[in-house]
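**Q** Please find target.txt (compact mmCIF, C-alpha atoms) on the next line:
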# COMPACT_ATOMS: atom_id res chain seq x y z
CA MET C 320 -15.39 24.57 -8.08
CA LYS C 321 -19.05 25.55 -7.87
CA SER C 322 -21.49 22.84 -6.90
CA LYS C 323 -24.27 23.70 -9.32
CA ASN C 324 -24.79 20.90 -11.85
CA LYS C 325 -21.53 19.25 -10.82
CA LYS C 326 -22.02 15.47 -10.81
CA ILE C 327 -19.49 13.55 -8.75
CA ALA C 328 -19.06 9.81 -8.29
CA VAL C 329 -17.64 9.04 -4.83
CA LEU C 330 -15.82 5.74 -4.40
CA MET C 331 -17.02 4.41 -1.05
CA SER C 332 -15.13 1.61 0.64
CA GLY C 333 -17.33 1.55 3.74
CA GLY C 334 -14.59 3.18 5.82
CA VAL C 335 -14.72 6.50 7.61
CA ASP C 336 -12.53 8.41 5.14
CA SER C 337 -14.61 7.86 2.00
CA SER C 338 -17.78 8.37 4.05
CA VAL C 339 -16.62 11.78 5.27
CA ALA C 340 -15.50 12.64 1.74
CA ALA C 341 -19.06 12.00 0.56
CA LEU C 342 -20.50 13.96 3.48
CA LEU C 343 -18.34 17.02 2.75
CA LEU C 344 -19.34 17.04 -0.92
CA LYS C 345 -23.00 16.50 -0.10
CA LYS C 346 -22.99 19.46 2.30
CA LYS C 347 -21.54 21.64 -0.43
CA GLY C 348 -24.50 20.82 -2.61
CA PHE C 349 -22.89 18.54 -5.17
CA ASN C 350 -24.93 15.99 -7.07
CA ILE C 351 -23.25 12.75 -5.98
CA ILE C 352 -23.62 9.02 -6.26
CA GLY C 353 -21.75 6.44 -4.28
CA VAL C 354 -19.86 3.60 -5.94
CA HIS C 355 -18.76 0.58 -3.91
CA LEU C 356 -16.31 -1.80 -5.57
CA LYS C 357 -16.36 -5.55 -5.03
CA ILE C 358 -12.90 -6.67 -6.04
CA SER C 359 -12.69 -10.25 -4.79
CA LYS C 360 -14.60 -13.03 -3.05
CA PHE C 361 -12.70 -12.17 0.13
CA CYS C 362 -14.22 -8.68 0.41
CA ASN C 363 -15.77 -8.01 3.79
CA VAL C 364 -19.56 -7.87 3.31
CA GLU C 365 -19.77 -5.44 6.24
CA ASP C 366 -17.89 -2.86 4.17
CA GLU C 367 -20.65 -2.76 1.56
CA TYR C 368 -23.25 -2.63 4.31
CA ASP C 369 -21.49 0.33 5.98
CA ALA C 370 -21.20 2.19 2.67
CA ARG C 371 -24.93 1.70 2.02
CA ARG C 372 -25.89 2.85 5.52
CA VAL C 373 -23.91 6.07 5.05
CA ALA C 374 -25.49 6.68 1.64
CA GLU C 375 -28.94 6.16 3.15
CA ILE C 376 -28.23 8.61 5.98
CA LEU C 377 -26.88 11.24 3.57
CA ASN C 378 -29.65 10.53 1.06
CA PHE C 379 -27.84 9.75 -2.16
CA PRO C 380 -27.91 6.65 -4.39
CA ILE C 381 -25.15 4.07 -4.19
CA TYR C 382 -24.28 1.21 -6.50
CA THR C 383 -22.06 -1.83 -6.07
CA LEU C 384 -19.90 -2.82 -9.01
CA ASP C 385 -18.51 -6.35 -9.11
CA ILE C 386 -15.17 -5.81 -10.85
CA SER C 387 -13.51 -8.96 -9.55
CA GLU C 388 -12.68 -10.25 -13.05
CA ASP C 389 -11.07 -6.97 -14.09
CA TYR C 390 -9.24 -6.75 -10.78
CA GLN C 391 -7.91 -10.25 -11.25
CA LYS C 392 -6.45 -9.35 -14.65
CA LEU C 393 -5.20 -5.86 -13.79
CA VAL C 394 -3.82 -6.46 -10.31
CA ILE C 395 -3.75 -10.00 -8.94
CA ASP C 396 -2.37 -11.84 -12.00
CA ASN C 397 0.42 -9.28 -12.30
CA LEU C 398 1.15 -9.53 -8.58
CA ILE C 399 1.67 -13.29 -8.81
CA LYS C 400 3.76 -12.93 -11.97
CA GLU C 401 6.11 -10.33 -10.49
CA TYR C 402 6.60 -12.19 -7.21
CA GLY C 403 7.48 -15.24 -9.29
CA GLN C 404 10.19 -13.14 -10.96
CA GLY C 405 11.67 -12.21 -7.60
CA LEU C 406 10.20 -8.70 -7.52
CA THR C 407 8.19 -6.95 -4.81
CA PRO C 408 5.29 -5.12 -6.47
CA ASN C 409 2.85 -2.76 -4.80
CA PRO C 410 -0.76 -3.72 -5.66
CA ASP C 411 -2.22 -0.59 -4.02
CA ILE C 412 -0.53 1.54 -6.67
CA TRP C 413 -1.98 -0.60 -9.47
CA CYS C 414 -5.39 -0.49 -7.81
CA ASN C 415 -5.34 3.30 -7.98
CA SER C 416 -3.89 3.76 -11.46
CA ARG C 417 -5.50 0.81 -13.26
CA VAL C 418 -8.77 0.41 -11.38
CA LYS C 419 -10.03 3.42 -9.41
CA PHE C 420 -8.57 6.11 -11.66
CA GLY C 421 -8.48 3.81 -14.68
CA ILE C 422 -11.44 1.65 -15.64
CA ILE C 423 -13.78 3.06 -12.96
CA PHE C 424 -12.84 6.64 -13.82
CA ASN C 425 -13.73 5.97 -17.46
CA PHE C 426 -16.91 4.12 -16.49
CA VAL C 427 -18.38 6.94 -14.40
CA ARG C 428 -17.45 9.52 -17.02
CA ASP C 429 -19.38 7.51 -19.59
CA LEU C 430 -22.35 7.79 -17.24
CA GLY C 431 -22.05 11.58 -17.30
CA PHE C 432 -20.10 12.08 -14.07
CA ARG C 433 -17.27 14.43 -14.88
CA TYR C 434 -15.60 14.14 -11.49
CA ILE C 435 -14.56 11.26 -9.26
CA ALA C 436 -13.79 11.60 -5.55
CA THR C 437 -12.15 9.32 -2.99
CA GLY C 438 -11.18 9.38 0.66
CA HIS C 439 -7.44 9.51 -0.08
CA TYR C 440 -5.35 11.91 1.94
CA ALA C 441 -3.94 13.87 -0.97
CA ARG C 442 -4.43 17.23 -2.64
CA THR C 443 -4.91 18.50 -6.19
CA VAL C 444 -4.13 22.14 -6.89
CA LYS C 445 -4.49 24.24 -10.02
CA ILE C 446 -1.53 26.51 -10.74
CA GLY C 447 -1.88 28.48 -13.95
CA ASN C 448 -3.40 26.11 -16.48
CA SER C 449 -1.99 22.96 -14.90
CA TYR C 450 -3.08 20.68 -12.07
CA PHE C 451 -0.63 19.28 -9.54
CA LEU C 452 -0.78 16.46 -7.02
CA LYS C 453 0.45 17.66 -3.63
CA ILE C 454 0.98 16.43 -0.08
CA PRO C 455 -2.15 16.96 2.10
CA LYS C 456 -2.49 18.63 5.48
CA ASP C 457 -2.17 15.33 7.35
CA LYS C 458 1.39 14.37 6.51
CA ASN C 459 1.18 11.25 8.66
CA LYS C 460 -1.66 9.91 6.50
CA ASP C 461 -0.26 11.25 3.22
CA GLN C 462 -1.19 8.73 0.51
CA THR C 463 0.39 10.42 -2.49
CA TYR C 464 2.99 7.62 -2.61
CA PHE C 465 0.23 5.33 -3.90
CA LEU C 466 -0.98 7.80 -6.54
CA TRP C 467 2.12 8.49 -8.64
CA GLN C 468 1.05 6.21 -11.50
CA ILE C 469 -2.23 7.93 -12.36
CA ASN C 470 -2.62 9.87 -15.61
CA LYS C 471 -1.73 13.53 -15.02
CA ASN C 472 -4.40 14.58 -17.52
CA ASN C 473 -7.03 13.22 -15.13
CA LEU C 474 -5.96 15.30 -12.14
CA LYS C 475 -8.37 18.09 -13.07
CA ASN C 476 -11.26 15.64 -12.68
CA ILE C 477 -10.18 14.06 -9.38
CA ILE C 478 -11.32 15.44 -6.02
CA PHE C 479 -9.77 14.62 -2.64
CA PRO C 480 -12.17 16.18 -0.10
CA LEU C 481 -9.91 15.26 2.85
CA ALA C 482 -6.98 17.30 1.52
CA ASN C 483 -7.28 19.89 4.29
CA TYR C 484 -8.24 17.56 7.14
CA GLU C 485 -6.36 15.36 9.54
CA LYS C 486 -7.53 11.85 10.31
CA GLU C 487 -8.86 12.70 13.76
CA GLU C 488 -10.76 15.65 12.31
CA ALA C 489 -12.39 13.30 9.82
CA ARG C 490 -13.44 10.95 12.62
CA LYS C 491 -14.90 13.86 14.59
CA ILE C 492 -16.87 15.02 11.56
CA ALA C 493 -18.24 11.49 11.15
CA PHE C 494 -19.16 11.31 14.85
CA ASP C 495 -20.78 14.76 14.90
CA ASN C 496 -22.89 13.78 11.89
CA LYS C 497 -23.85 10.42 13.43
CA LEU C 498 -22.21 8.27 10.78
CA PRO C 499 -22.14 4.66 12.03
CA ASN C 500 -18.53 4.01 11.00
CA ALA C 501 -16.98 7.02 12.74
CA PHE C 502 -14.63 4.83 14.77
CA LYS C 503 -14.28 1.93 12.39
CA LYS C 504 -10.71 0.64 12.25
CA ASP C 505 -8.70 1.31 9.12
CA SER C 506 -8.23 -1.70 6.86
CA GLN C 507 -4.88 -3.43 7.16
CA GLY C 508 -2.88 -5.49 4.70
CA ILE C 509 -3.76 -6.26 1.10
CA CYS C 510 -7.48 -5.69 0.61
CA PHE C 511 -8.28 -8.52 -1.82
CA LEU C 512 -6.78 -11.19 0.45
CA GLY C 513 -9.11 -10.82 3.39
CA LYS C 514 -7.52 -12.56 6.38
CA ILE C 515 -5.14 -14.67 4.27
CA LYS C 516 -1.42 -13.89 4.55
CA LEU C 517 0.23 -12.89 1.28
CA SER C 518 2.84 -15.64 1.57
CA ASP C 519 0.14 -18.28 2.04
CA TYR C 520 -1.78 -16.91 -0.93
CA LEU C 521 1.30 -16.96 -3.17
CA LYS C 522 2.01 -20.59 -2.23
CA GLN C 523 -1.15 -21.53 -4.13
CA PHE C 524 0.57 -20.38 -7.35
CA LEU C 525 4.33 -20.49 -6.74
CA PRO C 526 6.02 -23.82 -5.97
CA ILE C 527 7.82 -24.56 -2.72
CA LYS C 528 11.47 -24.60 -3.68
CA GLN C 529 14.09 -24.98 -0.95
CA GLY C 530 17.13 -22.76 -1.24
CA GLU C 531 20.04 -21.46 0.79
CA ILE C 532 20.28 -18.43 3.03
CA ARG C 533 23.83 -17.07 2.91
CA ASP C 534 25.41 -14.27 4.93
CA TYR C 535 27.60 -11.47 3.61
CA ALA C 536 30.66 -13.74 3.91
CA ASN C 537 28.90 -16.39 1.77
CA ASN C 538 28.37 -18.82 4.64
CA ILE C 539 25.22 -20.96 4.58
CA ILE C 540 23.29 -20.00 7.73
CA GLY C 541 19.81 -21.30 6.93
CA TYR C 542 17.33 -22.47 4.34
CA HIS C 543 14.10 -21.10 2.86
CA ASN C 544 11.19 -22.41 0.78
CA GLY C 545 11.44 -20.02 -2.17
CA CYS C 546 13.18 -16.67 -2.33
CA TYR C 547 10.17 -15.09 -4.07
CA PHE C 548 8.30 -15.30 -0.73
CA TYR C 549 10.68 -12.71 0.75
CA THR C 550 11.51 -9.09 0.05
CA GLU C 551 14.65 -6.99 0.40
CA GLY C 552 14.79 -5.35 3.79
CA GLN C 553 12.70 -8.09 5.46
CA ARG C 554 13.82 -8.98 8.97
CA HIS C 555 11.21 -11.31 10.42
CA GLY C 556 10.29 -14.78 9.22
CA LEU C 557 13.82 -15.87 8.29
CA ASN C 558 14.84 -19.41 9.22
CA ILE C 559 18.13 -18.43 10.85
CA LYS C 560 18.92 -19.90 14.25
CA ASN C 561 22.59 -19.08 14.85
CA GLY C 562 21.74 -16.27 17.29
CA GLN C 563 24.11 -13.75 15.72
CA GLY C 564 21.42 -11.60 14.08
CA PRO C 565 19.20 -9.84 13.56
CA TYR C 566 19.60 -10.34 9.82
CA TYR C 567 17.91 -8.51 6.98
CA VAL C 568 17.35 -9.73 3.43
CA ALA C 569 19.87 -7.82 1.32
CA LEU C 570 19.51 -9.53 -2.07
CA LYS C 571 17.47 -12.23 -3.78
CA ASP C 572 19.06 -14.30 -6.52
CA ILE C 573 16.07 -15.74 -8.35
CA ASN C 574 18.29 -17.77 -10.71
CA THR C 575 19.98 -19.73 -7.92
CA ASN C 576 17.06 -19.37 -5.48
CA THR C 577 19.41 -17.88 -2.88
CA LEU C 578 18.77 -15.28 -0.21
CA ILE C 579 21.69 -13.07 0.80
CA VAL C 580 21.25 -11.60 4.27
CA ALA C 581 23.26 -9.08 6.24
CA LYS C 582 23.44 -7.48 9.66
CA GLU C 583 22.46 -3.89 10.37
CA ASN C 584 25.89 -2.35 9.81
CA GLU C 585 26.99 -4.37 6.76
CA GLU C 586 27.52 -2.38 3.60
CA ILE C 587 25.54 -4.67 1.29
CA LEU C 588 22.28 -3.50 2.89
CA TYR C 589 22.75 0.12 1.86
CA ILE C 590 22.38 1.64 -1.58
CA SER C 591 22.96 5.09 -3.03
CA LYS C 592 21.73 4.82 -6.62
CA ILE C 593 18.36 3.67 -7.96
CA PHE C 594 17.51 2.93 -11.59
CA LEU C 595 13.88 3.29 -12.68
CA ASN C 596 11.70 2.11 -15.52
CA ASP C 597 8.02 2.75 -16.33
CA VAL C 598 8.51 6.33 -15.12
CA ASN C 599 5.35 8.44 -14.96
CA LEU C 600 5.64 12.21 -14.60
CA LEU C 601 2.72 14.11 -13.10
CA VAL C 602 4.00 17.55 -14.14
CA ASN C 603 4.52 19.12 -17.55
CA LYS C 604 7.79 19.90 -19.31
CA ASP C 605 7.58 23.63 -18.61
CA PHE C 606 7.52 22.98 -14.87
CA LEU C 607 10.38 20.51 -15.11
CA ASN C 608 12.45 23.03 -17.06
CA LYS C 609 11.92 25.63 -14.33
CA ILE C 610 13.21 23.40 -11.54
CA SER C 611 15.92 21.45 -13.38
CA LYS C 612 19.53 22.28 -14.16
CA LYS C 613 21.06 20.36 -17.04
CA ASP C 614 18.17 17.90 -16.83
CA LYS C 615 18.84 17.14 -13.18
CA ILE C 616 16.51 17.99 -10.30
CA ASN C 617 17.02 18.10 -6.55
CA VAL C 618 14.17 16.01 -5.17
CA LEU C 619 12.87 14.25 -2.09
CA VAL C 620 12.25 10.55 -2.61
CA LYS C 621 10.48 7.65 -0.92
CA CYS C 622 11.14 4.00 -1.80
CA ARG C 623 8.56 2.70 0.68
CA TYR C 624 5.34 4.24 1.95
CA ARG C 625 6.47 4.78 5.54
CA GLN C 626 10.06 5.63 4.70
CA PRO C 627 11.17 9.17 5.64
CA PHE C 628 12.04 11.40 2.70
CA VAL C 629 15.58 11.06 1.37
CA ARG C 630 17.31 13.82 -0.58
CA ALA C 631 18.36 12.83 -4.09
CA ILE C 632 19.18 14.09 -7.56
CA PHE C 633 16.90 12.85 -10.32
CA ASP C 634 18.47 12.45 -13.77
CA LEU C 635 15.63 13.16 -16.19
CA ASN C 636 17.43 11.71 -19.19
CA ASN C 637 18.39 8.38 -17.66
CA ASN C 638 15.71 7.96 -14.96
CA ILE C 639 18.29 7.53 -12.21
CA LEU C 640 18.00 8.67 -8.60
CA GLN C 641 21.33 9.46 -6.96
CA LEU C 642 20.66 9.44 -3.22
CA LYS C 643 22.55 11.93 -1.05
CA ASP C 644 22.36 9.57 1.93
CA LYS C 645 22.48 5.79 1.65
CA VAL C 646 19.32 3.88 2.58
CA LYS C 647 18.51 0.24 3.26
CA GLY C 648 15.53 -1.92 2.50
CA VAL C 649 15.15 -0.92 -1.16
CA ALA C 650 13.35 -3.71 -3.02
CA LEU C 651 13.36 -4.37 -6.75
CA GLY C 652 9.85 -4.01 -8.15
CA GLN C 653 8.81 -1.44 -5.59
CA SER C 654 8.06 2.19 -6.43
CA ALA C 655 10.34 5.16 -5.94
CA VAL C 656 8.26 8.34 -5.78
CA PHE C 657 9.96 11.72 -6.00
CA TYR C 658 8.82 15.15 -4.91
CA PHE C 659 9.76 18.80 -5.37
CA LYS C 660 8.89 20.41 -2.06
CA ASP C 661 5.25 19.29 -1.57
CA ILE C 662 4.54 18.56 -5.24
CA VAL C 663 4.58 14.98 -6.52
CA LEU C 664 6.76 15.03 -9.63
CA GLY C 665 6.19 11.36 -10.42
CA GLY C 666 7.66 7.97 -9.81
CA GLY C 667 8.96 4.78 -11.34
CA ILE C 668 9.55 1.08 -10.72
CA ILE C 669 12.93 0.12 -9.22
CA TYR C 670 14.65 -2.39 -11.51
CA LYS C 671 18.29 -1.95 -10.41
CA LYS C 672 20.15 -0.57 -7.42
CA GLU C 673 23.75 0.12 -6.49
Just give me the structure as structure tokens.
**A**
Amino acid sequence: MKSKNKKIAVLMSGGVDSSVAALLLKKKGFNIIGVHLKISKFCNVEDEYDARRVAEILNFPIYTLDISEDYQKLVIDNLIKEYGQGLTPNPDIWCNSRVKFGIIFNFVRDLGFRYIATGHYARTVKIGNSYFLKIPKDKNKDQTYFLWQINKNNLKNIIFPLANYEKEEARKIAFDNKLPNAFKKDSQGICFLGKIKLSDYLKQFLPIKQGEIRDYANNIIGYHNGCYFYTEGQRHGLNIKNGQGPYYVALKDINTNTLIVAKENEEILYISKIFLNDVNLLVNKDFLNKISKKDKINVLVKCRYRQPFVRAIFDLNNNILQLKDKVKGVALGQSAVFYFKDIVLGGGIIYKKE
């Protein structure tokens, strides 16, 4: 893509990744503006300050958008609702699809900016007349898991400048160019919460409701204050004192407010089939036809961000993933994202598992 007359809005969090993304585009001669998003009252004011300092150094305008009301409706309210239903949603995925590449994408396009760029470690590639989302160079920082829900028609207008860089390379670029946040720590946890723990935040909206913790043999081995405060696969924070663990949450029964836990080697922890709804495909039908056989595709799948890839067969007609190796820690409400080699095919929300 030639830089002449190309206007790009760069979403700038104040971190090193988005700052280097802006720097790389600026050096290529693109006409850029920075956009910093204020999503809640718990946002760190230093992040906005860092984003503005970088914009000043690189000599481009930057604007702060207070989208806290939209963020509340699009992300936070849904998060509380789904936890109350016993699910484990991923707000980072909603933030990308509904906010950054949703309302903000449309907003900057209305201002005349055809392209939007972020500091995500991901890659977009044009093959023929189609654009694909692919795994970046830095596989350890690969963030494509969080991007499966975006509209595939928007891929041609999304730029990931860090696609061909590793994290340490990005930090060196920032240092060499005297950016003040070169060694700033990456943000941890859920961004809109600040320093508040998610469980403590949810307790403001979901009632304390004591229930039983039962083992695989149906013995009562502890009690909890609401099964919606836990997630399948969770090991720590369980009120179990019999010393025979460690135990993991295997199932949550929201109707009886019961947690079922199991030990590492117990069968109930492991699943081999995943049922999806709200499936979003990032590739076209022609590509799917090329790689499928009787509407089934051999894929690699992740059910959590840091989970290693698992081989599976994806049933296109029924939106079912049949895993070739059993896995544990699969939570209802989380995302299963599936890949063909290094191409993100799409993903869906886990609503049932076997």
**Q** So how many Å separate atom CA of Thr407 of chain C and atom CA of Glu551 of chain C, to one decimal?
**A** 8.3 Å
**Q** Go ahead and find all residues with at least one atom no further than 7 Å from (-15.1, 14.4, -11.5) in the file's coordinates, using all atoms listed in the file; report them as an mmCIF file with C-alpha atoms, in the coordinates of the input.
**A**
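Dumped everything to point_7.cif:
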data_model
loop_
_atom_site.group_PDB
_atom_site.id
_atom_site.type_symbol
_atom_site.label_atom_id
_atom_site.label_comp_id
_atom_site.auth_asym_id
_atom_site.auth_seq_id
_atom_site.Cartn_x
_atom_site.Cartn_y
_atom_site.Cartn_z
ATOM 1 C CA ILE C 327 -19.490 13.550 -8.750
ATOM 2 C CA ALA C 328 -19.060 9.810 -8.290
ATOM 3 C CA PHE C 432 -20.100 12.080 -14.070
ATOM 4 C CA ARG C 433 -17.270 14.430 -14.880
ATOM 5 C CA TYR C 434 -15.600 14.140 -11.490
ATOM 6 C CA ILE C 435 -14.560 11.260 -9.260
ATOM 7 C CA ALA C 436 -13.790 11.600 -5.550
ATOM 8 C CA ASN C 476 -11.260 15.640 -12.680
ATOM 9 C CA ILE C 477 -10.180 14.060 -9.380
ATOM 10 C CA ILE C 478 -11.320 15.440 -6.020
#
**Q** Which residues are near Gly556 of chain C? Cut-off 12 Å, only C-alpha atoms, ignore same chain within fewer than 4 positions. Put them as an MDAnalysis selection string.
**A** chainID C and resid 518 541:544 548:550 552 560 565:568
**Q** Those residues with C-alpha atoms, as a PDB file, in the frame of the given file please?
**A**
ATOM      1  CA  SER C 518       2.840 -15.640   1.570  1.00  0.00           C
ATOM      2  CA  GLY C 541      19.810 -21.300   6.930  1.00  0.00           C
ATOM      3  CA  TYR C 542      17.330 -22.470   4.340  1.00  0.00           C
ATOM      4  CA  HIS C 543      14.100 -21.100   2.860  1.00  0.00           C
ATOM      5  CA  ASN C 544      11.190 -22.410   0.780  1.00  0.00           C
ATOM      6  CA  PHE C 548       8.300 -15.300  -0.730  1.00  0.00           C
ATOM      7  CA  TYR C 549      10.680 -12.710   0.750  1.00  0.00           C
ATOM      8  CA  THR C 550      11.510  -9.090   0.050  1.00  0.00           C
ATOM      9  CA  GLY C 552      14.790  -5.350   3.790  1.00  0.00           C
ATOM     10  CA  LYS C 560      18.920 -19.900  14.250  1.00  0.00           C
ATOM     11  CA  PRO C 565      19.200  -9.840  13.560  1.00  0.00           C
ATOM     12  CA  TYR C 566      19.600 -10.340   9.820  1.00  0.00           C
ATOM     13  CA  TYR C 567      17.910  -8.510   6.980  1.00  0.00           C
ATOM     14  CA  VAL C 568      17.350  -9.730   3.430  1.00  0.00           C
TER      15      VAL C 568
END
**Q** Write out as a PyMOL selection string the residues lying within 7 Å of segment 491-495 of chain C, counting all atoms listed in the file and excluding same-chain residues fewer than 4 positions away.
**A** chain C and resi 339+487+501
**Q** Which residues are near Leu398 of chain C? Cut-off 10 Å, only C-alpha atoms, ignore same chain within fewer than 5 positions. Put them as JSON, numbers by chain.
**A** {"C": [391, 392, 393, 403, 406, 407, 408, 409, 410, 413, 521]}
**Q** Would you compute the distance between atom CA of Pro526 of chain C and atom CA of Lys400 of chain C? Give it in Å to one decimal.
**A**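 These two atoms are separated by 12.6 Å.
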**Q** What does the distance between atom CA of Thr443 of chain C and atom CA of Asp461 of chain C come to in Å, to one decimal place?
**A**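 Spanning atom CA of Thr443 of chain C to atom CA of Asp461 of chain C is a straight-line distance of 12.8 Å.
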